[in-house]
Each structure stands twice: as C-alpha cells, then as structure tokens.
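Structure first, then comments.
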Amino acid sequence: MIRSTFAGLTTAQLGMAASQRSIDVTGQNIANLNTEGYTRQRLDIASLNMRNGSIYNSSNSARVGYGVDITGISQLRDPFLDAQYRSQIAKLGTTDAHAAGLEKLQVSFDESTTSGIRDAFINLSNALHTLSKPDGYTKENDTVVRSRMQIIVNLLREKAVNLQDIRTDAQENFQSTDIKDLNGTLKNIAELNTSIKNSQILGNPALELMDERNRLLDELGSYLPINVTYKQKNIGEGYSVQVMKVSFTDSDGLTHNLIDDGRYGQFRTDISDQPVTLSLTDADGFTNDFTDKLTDGTLKGTLDFLNKSGDFDDTDFKGIGYYEKVLDSLVEKFVTEFNNANAATVQESVTAGGKDYFKFTDPATGNTIYKDENDKYYTDDPAVTTPPVTEFTGDPKTLKPVYSPNKEDRPLFEEIEPGKGFTALNVKVATGWLEGSYGITNSNNTVNGVIGSTASENIENMINMLSKEYAFSSDSITKPGMDVRFYTGTFYSCFANIESTLGIDLSSMSTTLDNQITVLNQTANSRDGISGVQLDEEGMNLLHYNQSYSAAARLMTTLDEMLDKLINGTGVVGR
C-alpha cells in the first residue's frame, strides 16, 4: 500500500493541535492556582489509526498511525483518597461538635465561678459562727445567714439558667442552621447533578460544575458519613452519561439514599421536647428516625451534646444533660439537708374556742397545766372545759414545758413551683423565713426539761454540715427507680468536681480533635498532591508541550521539504 502523500502533514497538524490544547489546559491550571476547590485538569489523547482493514493491505506493508486524537479533558482525582477524606472529616465533625458544646459549658463553670461558690460557702460558715455565739442569736444575725443562703441559691440558679440558655441556643442553631444548611447542600448537589448531566449530553465536560459538586460533597461528609458512587446511564442508542448516587449507612447497617441523580432527601428535627429528634425522608421517599442511628458527623456530635447524659443514661458522652442533673442533685441535697436540720422541737398546745393553750407539767403533782395567750395558767383541760375556769395557784416558774415528740418543719427553702421537686431552677428561700415567722433553729436539746434560749448546738451542726461529706446521686434515665452515684464529698467540692470533670472531658476531646485534624490534613495533602495544581509541575509541562509543539512544527517543515523535492526535484534528468 502506498501511503497518502499528505498523511504526514495531517499527523504533524494533529500533533501541533494536541500540543496547543495541552498548553491551553496547563494555562487553565495555572490561572486557577488559588481557586478553592479547583481540580487539576489534563488533556486526554489517544493514538489515531485505521480501525478497519484496507483492500490494499499486503504481507509486506507496514501500518503507520495517523497522529494523535484529542478525546477530551478530564480531572485528576483519586476516588480512594476522596472516600478516605470524607470518612475522616465525618469523625472530625463528631469530635468538633462535642468540643464546641463543652467549650460553651466551660464558660459557666470556669475558675472564677468556682471561686465565687467557695467564697459564698465560707461567708455562710462565718455567718453561722456569729449566730452561734451566746450573744449572737439575734434577728439581725439571722438575716445575715439568710442573705448568705440566698447568695448560694442565686449562684447555683444562675448556673442552671446558663445551662438552659446554652441548650436553647444549641437546639435553635441545630434546627435553623445545621439542618437548614444540610438540606440546602443536598438540594444543591442534586441540582448540580442535573446540570452536569445536561452539559455532558451537549458535549461539555462541565469540569467546573464537578469541582463545585466535589466541594459540596466534602461539606456534606462533615455532617454524616457518606458513600459516593458513579454509574453510566444510557440516554440514547450508543450514548451514555455519568450519574451519581450518595448514600449513608446507619448504625443498624441499613443503607439510605440521600441523593440519586436529581432526586434528594431532606432532614427534619423536633426541638420542642427532649430528647431532640432527627428524621430523614430519603431520595426514595421513605421516612425514618435517625436520632440514635448516626455513626459519625456533626449531626451525631450535636445530638450527643443535646441528648446524652453520660453515666445517667449509660452513654459514652457527658452532654449538657449530665451537668444539668449533677447541678440539680447538688441543689436538692443542699436544701433538703438544711431544711431537715432546721426542724424544731416545739411545745405541745391545745386549740379550743379559737385560742391556743400551751401545755406544761407541774413537777410537784405531775398534772398538766395550760397557759393561754394572756399568760394565765389553768388546771382545766381546755378541750374538756371551754374556756377553762380553774386557775393554777402554784408558782409558774416551777412548771416544765411539754414538748411534742414530732419536730415542727421550719423549712429554709421551698419550691418555686410546688410539687415539682427541688432543682437549681425550682428553689427559693422559704416565705416563712423571709417574713420572720421563724428563723434558724438554735437548739433542740432540753436541759432540766427546758430548751435553753442560749444553746446553739443545732447551729453548730449546720456549720459542721458544710464540711461533711455526702453521697451525691441522681436518678437513672434508662433504669427507672435506680439512683446513680456520681460523687462523694462536701457541697463545695461537689460543685468544684463539676468544673474538674468538664475540664478533663474538654482536654481529652481537644487532644482527640488535634489528632484527627493532623490525620485529616495528611489525607488532604495526599489528595492535593494529585488533584491540586503544583506550580513547578505545570511549569515543566509548559516546557514539555512547547517542545512537542516545536517538534511537530519541525515535522511539518520536513514534510514540506520532502514534497518540494518530490514535486520540483524529481524527473528532471535530461531536461
């Protein structure tokens, strides 16, 4: 077979075109060196040759190619590194959400707050010491004790209000920001799928749209672990386009489609009650609850912070619920112990005819004597003779009070909303104490049958209570009727333990976060080594393609000289 005379020129021309287009692609890469999310592009080429046989073929003919064919422009990406990066960013999302939540709590339980609580307990102890002195049991000193108690209650309530505000802000941010942005990302990816598919049908590779889609996929991967798959879809005879599906696998091992080509799912959350719930209507139209079925990601981390209570619900993370229950337990133990300690031994009385009569015993006779509101003493029982008429003729100073076997409650604290139990948000100084109906009970001990007016053993007991160790516990969420003990110590040390526990958890979370960031950066660097634009490499490519262009041009020049010789310098002998 005689090769076409001008076939070589076509080969040179195709080589020059391929080199020129390669230089154009390299220029595009260099121009987008600093473009976020840009993926390095390359020119796809293939050797051009005859596909079918020729009638002029012979055994001694040699087939030579016809140059180079430009098949398209593609991106340089490693699917394995993409999958690895998105898996690691989901783990990072969980830890980051945990750490962000604990950092918010740390503001409420910082060192200055602990010092304030410590000072408040010291001031209360000093006020009780003053009240316990022989000449210190006065209304003024009782008022000082009450103010010290009020300060402690206010400080603890302030912490509870802070926790409540943190919970409210986190819930609203989860609903209005996280879920809204997540749903927007799902929608945008599905719309990009449609745009990319339509562009490819028209012959445009839509590489910039694919860059934007990959950026959104990375963002989606931070919310929950995803799996991205691609497949070819026939759109006509002999022609197909690539379509994408995004799914995730829950903790039960079930797979759910988030995006399937142009269809996409939507997440919904309910923050009106506890626990906060999360559900998904997937791309196939099925709705399922995923509150406790996420394995990693920002969604899981935020739900853990809002819903988990550590030891109280047998979970692996101490969320805001843990600190709410610990604080409520501290307040409940403090007010209950002091309310019980202030119960008073009181003199028995009889009410008759609308009047109260206090009971005494006459040591000489053993008879019961009754004193009315006018300090008159009677031997008649008012419950039998109303009003009593027989007056006591002996010396009242010899009479001994008759005390009730049951102590009278004189609570120092009461619930703001009765019946709901004592919590950091549901406690106040008792109305009776505020109005002066009673005060701190100084003594319940009787000496010679009478409680001494200057005795103070009950106040001293309250002072000792401030340094006494108590077992602090709260009810289990997962095991009704069972209490979970979380600390043993004094009231102040219990509060200090809250700060200590939070600090340890936050430090551990920060270390984990730093390690995960390091691993993620290593994966990102590996991925950028393939997909990112390297200026040195692109510069070398420019030199390489420039040389190949020059070589193809030189080939054309050589062929032109050959044709000139063939046409003008052949067959001239004898002319």
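So you can find residues: chains in the structure tokens are A, B, ... in the order shown, residues in each start at 1, and ligands are numbered from 1 in order.
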Give me, as a compact mmCIF listing (two decimals) with C-alpha atoms, in the first residue's frame, all polymer residues having an atom no more than 9 Å from A:Glu391, counting only C-alpha atoms and skipping those fewer than 5 positions away in the same chain.
```
# COMPACT_ATOMS: atom_id res chain seq x y z
CA LYS A 376 -52.76 32.81 132.64
CA TYR A 377 -52.38 29.21 133.84
CA TYR A 378 -55.25 26.75 134.28
CA THR A 379 -55.60 23.24 135.59
CA ASP A 380 -58.68 22.60 133.47
```
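All residues within stretch 273-337 of chain A that the backbone DSSP calculation assigns to alpha helix (DSSP H) are Thr298, Leu299, Lys300, Gly301, Thr302, Leu303, Asp304, Phe305, Leu306, Asn307, Ile320, Gly321, Tyr322, Tyr323, Glu324, Lys325, Val326, Leu327, Asp328, Ser329, Leu330, Val331, Glu332, Lys333, Phe334, Val335, Thr336 and Glu337 of chain A.
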May I have the selected residues written with N, CA, C and O atoms, as a CSV table (one decimal), in the first residue's frame?
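Output below, filename result_12.csv:
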```
chain,number,residue,atom,x,y,z
A,298,THR,N,-21.1,15.8,62.3
A,298,THR,CA,-21.6,17.0,63.1
A,298,THR,C,-23.0,16.7,63.6
A,298,THR,O,-23.3,17.1,64.8
A,299,LEU,N,-23.9,16.1,62.9
A,299,LEU,CA,-25.2,15.8,63.4
A,299,LEU,C,-25.2,14.9,64.6
A,299,LEU,O,-25.8,15.2,65.6
A,300,LYS,N,-24.4,13.9,64.6
A,300,LYS,CA,-24.3,13.0,65.7
A,300,LYS,C,-23.7,13.7,66.9
A,300,LYS,O,-24.1,13.6,68.0
A,301,GLY,N,-22.6,14.5,66.7
A,301,GLY,CA,-22.0,15.2,67.8
A,301,GLY,C,-22.9,16.2,68.5
A,301,GLY,O,-22.9,16.3,69.7
A,302,THR,N,-23.7,16.9,67.7
A,302,THR,CA,-24.6,17.9,68.3
A,302,THR,C,-25.8,17.2,69.0
A,302,THR,O,-26.1,17.6,70.1
A,303,LEU,N,-26.3,16.1,68.4
A,303,LEU,CA,-27.3,15.3,69.1
A,303,LEU,C,-26.8,14.7,70.4
A,303,LEU,O,-27.5,14.6,71.4
A,304,ASP,N,-25.5,14.2,70.4
A,304,ASP,CA,-24.9,13.7,71.6
A,304,ASP,C,-24.9,14.8,72.7
A,304,ASP,O,-25.2,14.5,73.9
A,305,PHE,N,-24.5,16.0,72.3
A,305,PHE,CA,-24.4,17.1,73.3
A,305,PHE,C,-25.8,17.4,73.9
A,305,PHE,O,-25.9,17.7,75.1
A,306,LEU,N,-26.8,17.4,73.0
A,306,LEU,CA,-28.1,17.8,73.5
A,306,LEU,C,-28.8,16.6,74.2
A,306,LEU,O,-29.6,16.9,75.1
A,307,ASN,N,-28.6,15.4,73.9
A,307,ASN,CA,-29.4,14.3,74.4
A,307,ASN,C,-28.7,13.4,75.4
A,307,ASN,O,-29.4,12.7,76.2
A,320,ILE,N,-24.9,18.0,77.8
A,320,ILE,CA,-25.4,19.0,78.7
A,320,ILE,C,-26.4,18.5,79.8
A,320,ILE,O,-26.5,19.0,80.9
A,321,GLY,N,-27.1,17.4,79.4
A,321,GLY,CA,-28.0,16.7,80.4
A,321,GLY,C,-27.3,16.2,81.6
A,321,GLY,O,-27.8,16.3,82.7
A,322,TYR,N,-26.0,15.8,81.5
A,322,TYR,CA,-25.2,15.3,82.6
A,322,TYR,C,-25.0,16.5,83.6
A,322,TYR,O,-25.2,16.3,84.8
A,323,TYR,N,-24.6,17.6,83.1
A,323,TYR,CA,-24.3,18.7,84.0
A,323,TYR,C,-25.6,19.3,84.6
A,323,TYR,O,-25.6,19.8,85.7
A,324,GLU,N,-26.7,19.3,83.9
A,324,GLU,CA,-28.0,19.7,84.5
A,324,GLU,C,-28.4,18.8,85.6
A,324,GLU,O,-28.8,19.3,86.7
A,325,LYS,N,-28.2,17.5,85.5
A,325,LYS,CA,-28.6,16.6,86.5
A,325,LYS,C,-27.7,16.7,87.7
A,325,LYS,O,-28.1,16.6,88.9
A,326,VAL,N,-26.4,16.9,87.5
A,326,VAL,CA,-25.4,17.0,88.6
A,326,VAL,C,-25.7,18.3,89.4
A,326,VAL,O,-25.7,18.2,90.7
A,327,LEU,N,-26.0,19.4,88.7
A,327,LEU,CA,-26.3,20.6,89.4
A,327,LEU,C,-27.6,20.5,90.2
A,327,LEU,O,-27.7,21.0,91.3
A,328,ASP,N,-28.6,19.9,89.6
A,328,ASP,CA,-29.9,19.7,90.3
A,328,ASP,C,-29.7,18.8,91.5
A,328,ASP,O,-30.3,19.1,92.6
A,329,SER,N,-28.9,17.8,91.4
A,329,SER,CA,-28.6,16.9,92.6
A,329,SER,C,-27.9,17.7,93.7
A,329,SER,O,-28.3,17.5,94.9
A,330,LEU,N,-27.0,18.5,93.4
A,330,LEU,CA,-26.3,19.3,94.4
A,330,LEU,C,-27.3,20.2,95.1
A,330,LEU,O,-27.3,20.3,96.4
A,331,VAL,N,-28.1,20.9,94.4
A,331,VAL,CA,-29.1,21.8,95.0
A,331,VAL,C,-30.1,21.0,95.8
A,331,VAL,O,-30.4,21.4,97.0
A,332,GLU,N,-30.6,19.9,95.3
A,332,GLU,CA,-31.6,19.1,96.1
A,332,GLU,C,-31.0,18.6,97.4
A,332,GLU,O,-31.6,18.7,98.4
A,333,LYS,N,-29.7,18.1,97.4
A,333,LYS,CA,-29.1,17.6,98.6
A,333,LYS,C,-28.9,18.8,99.6
A,333,LYS,O,-29.1,18.7,100.8
A,334,PHE,N,-28.4,19.9,99.1
A,334,PHE,CA,-28.1,21.1,100.0
A,334,PHE,C,-29.4,21.6,100.7
A,334,PHE,O,-29.4,21.7,101.9
A,335,VAL,N,-30.4,21.8,99.9
A,335,VAL,CA,-31.6,22.4,100.5
A,335,VAL,C,-32.4,21.4,101.4
A,335,VAL,O,-32.9,21.7,102.5
A,336,THR,N,-32.4,20.1,101.0
A,336,THR,CA,-33.0,19.1,101.8
A,336,THR,C,-32.3,18.9,103.2
A,336,THR,O,-33.0,18.8,104.2
A,337,GLU,N,-31.0,18.8,103.1
A,337,GLU,CA,-30.3,18.7,104.4
A,337,GLU,C,-30.5,19.8,105.3
A,337,GLU,O,-30.7,19.6,106.5
```
Write out as a PyMOL selection string the set of residues from stretch 136-312 of chain A that DSSP, computed on the backbone, places in strand (DSSP E or B). chain A and resi 227-236+239-249+255-260+263-264+266-270+277-281+287-289
Show me, as a list of chain:residue names, the residues that have an atom within 10 Å of A:Asp311 when counting only C-alpha atoms, minus same-chain residues fewer than 2 positions from it. A:Lys308, A:Ser309, A:Asp313, A:Asp314, A:Thr315, A:Asp316, A:Phe317, A:Lys318, A:Tyr322, A:Ser474, A:Ser476, A:Ile477, A:Thr478, A:Val484, A:Arg485, A:Phe486
List as a PyMOL selection string the protein and nucleic acid residues near stretch 536-538 of chain A, meaning an atom at most 9 Å away when only C-alpha atoms are counted, but skip any in the same chain fewer than 4 places from it. chain A and resi 26-27+29-30+542-543
Next, dump the selected residues to file, keeping only C-alpha atoms, as a compact mmCIF listing (two decimals), in the first residue's frame.
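Saved file part_21.txt follows:
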```
# COMPACT_ATOMS: atom_id res chain seq x y z
CA THR A 26 -1.88 23.98 31.53
CA GLY A 27 -2.66 27.69 31.37
CA ASN A 29 -4.50 25.10 35.71
CA ILE A 30 -2.03 27.91 36.40
CA LEU A 542 4.71 24.16 29.62
CA LEU A 543 8.29 23.43 28.57
```
Write out as a list in words which residues come within 6 Å of A:Phe360 when counting only C-alpha atoms, dropping same-chain ones fewer than 5 positions away. Thr368, Ile369, Leu399, Lys400, Pro401 and Val402 of chain A
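As for atom CA of A:Gln75 and atom CA of A:Arg42, they are spaced 6.3 Å apart.
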Computed interatomic separation between atom CA of A:Leu81 and atom CA of A:Ser240 (Å):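 Result for atom CA of A:Leu81 versus atom CA of A:Ser240: 26.3 Å, one decimal.
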Min atom-atom distance to A:Gln88 from the set A:Tyr223, A:Tyr549, A:Tyr264, A:Phe286, counting only C-alpha atoms, belongs to A:Tyr223
With only C-alpha atoms as the atoms that count, which of A:Asn525, A:Asn214, A:Gln150, A:Thr94 lies nearest to A:Leu192?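 The shortest atom-to-atom distance to A:Leu192 comes from A:Asn214.
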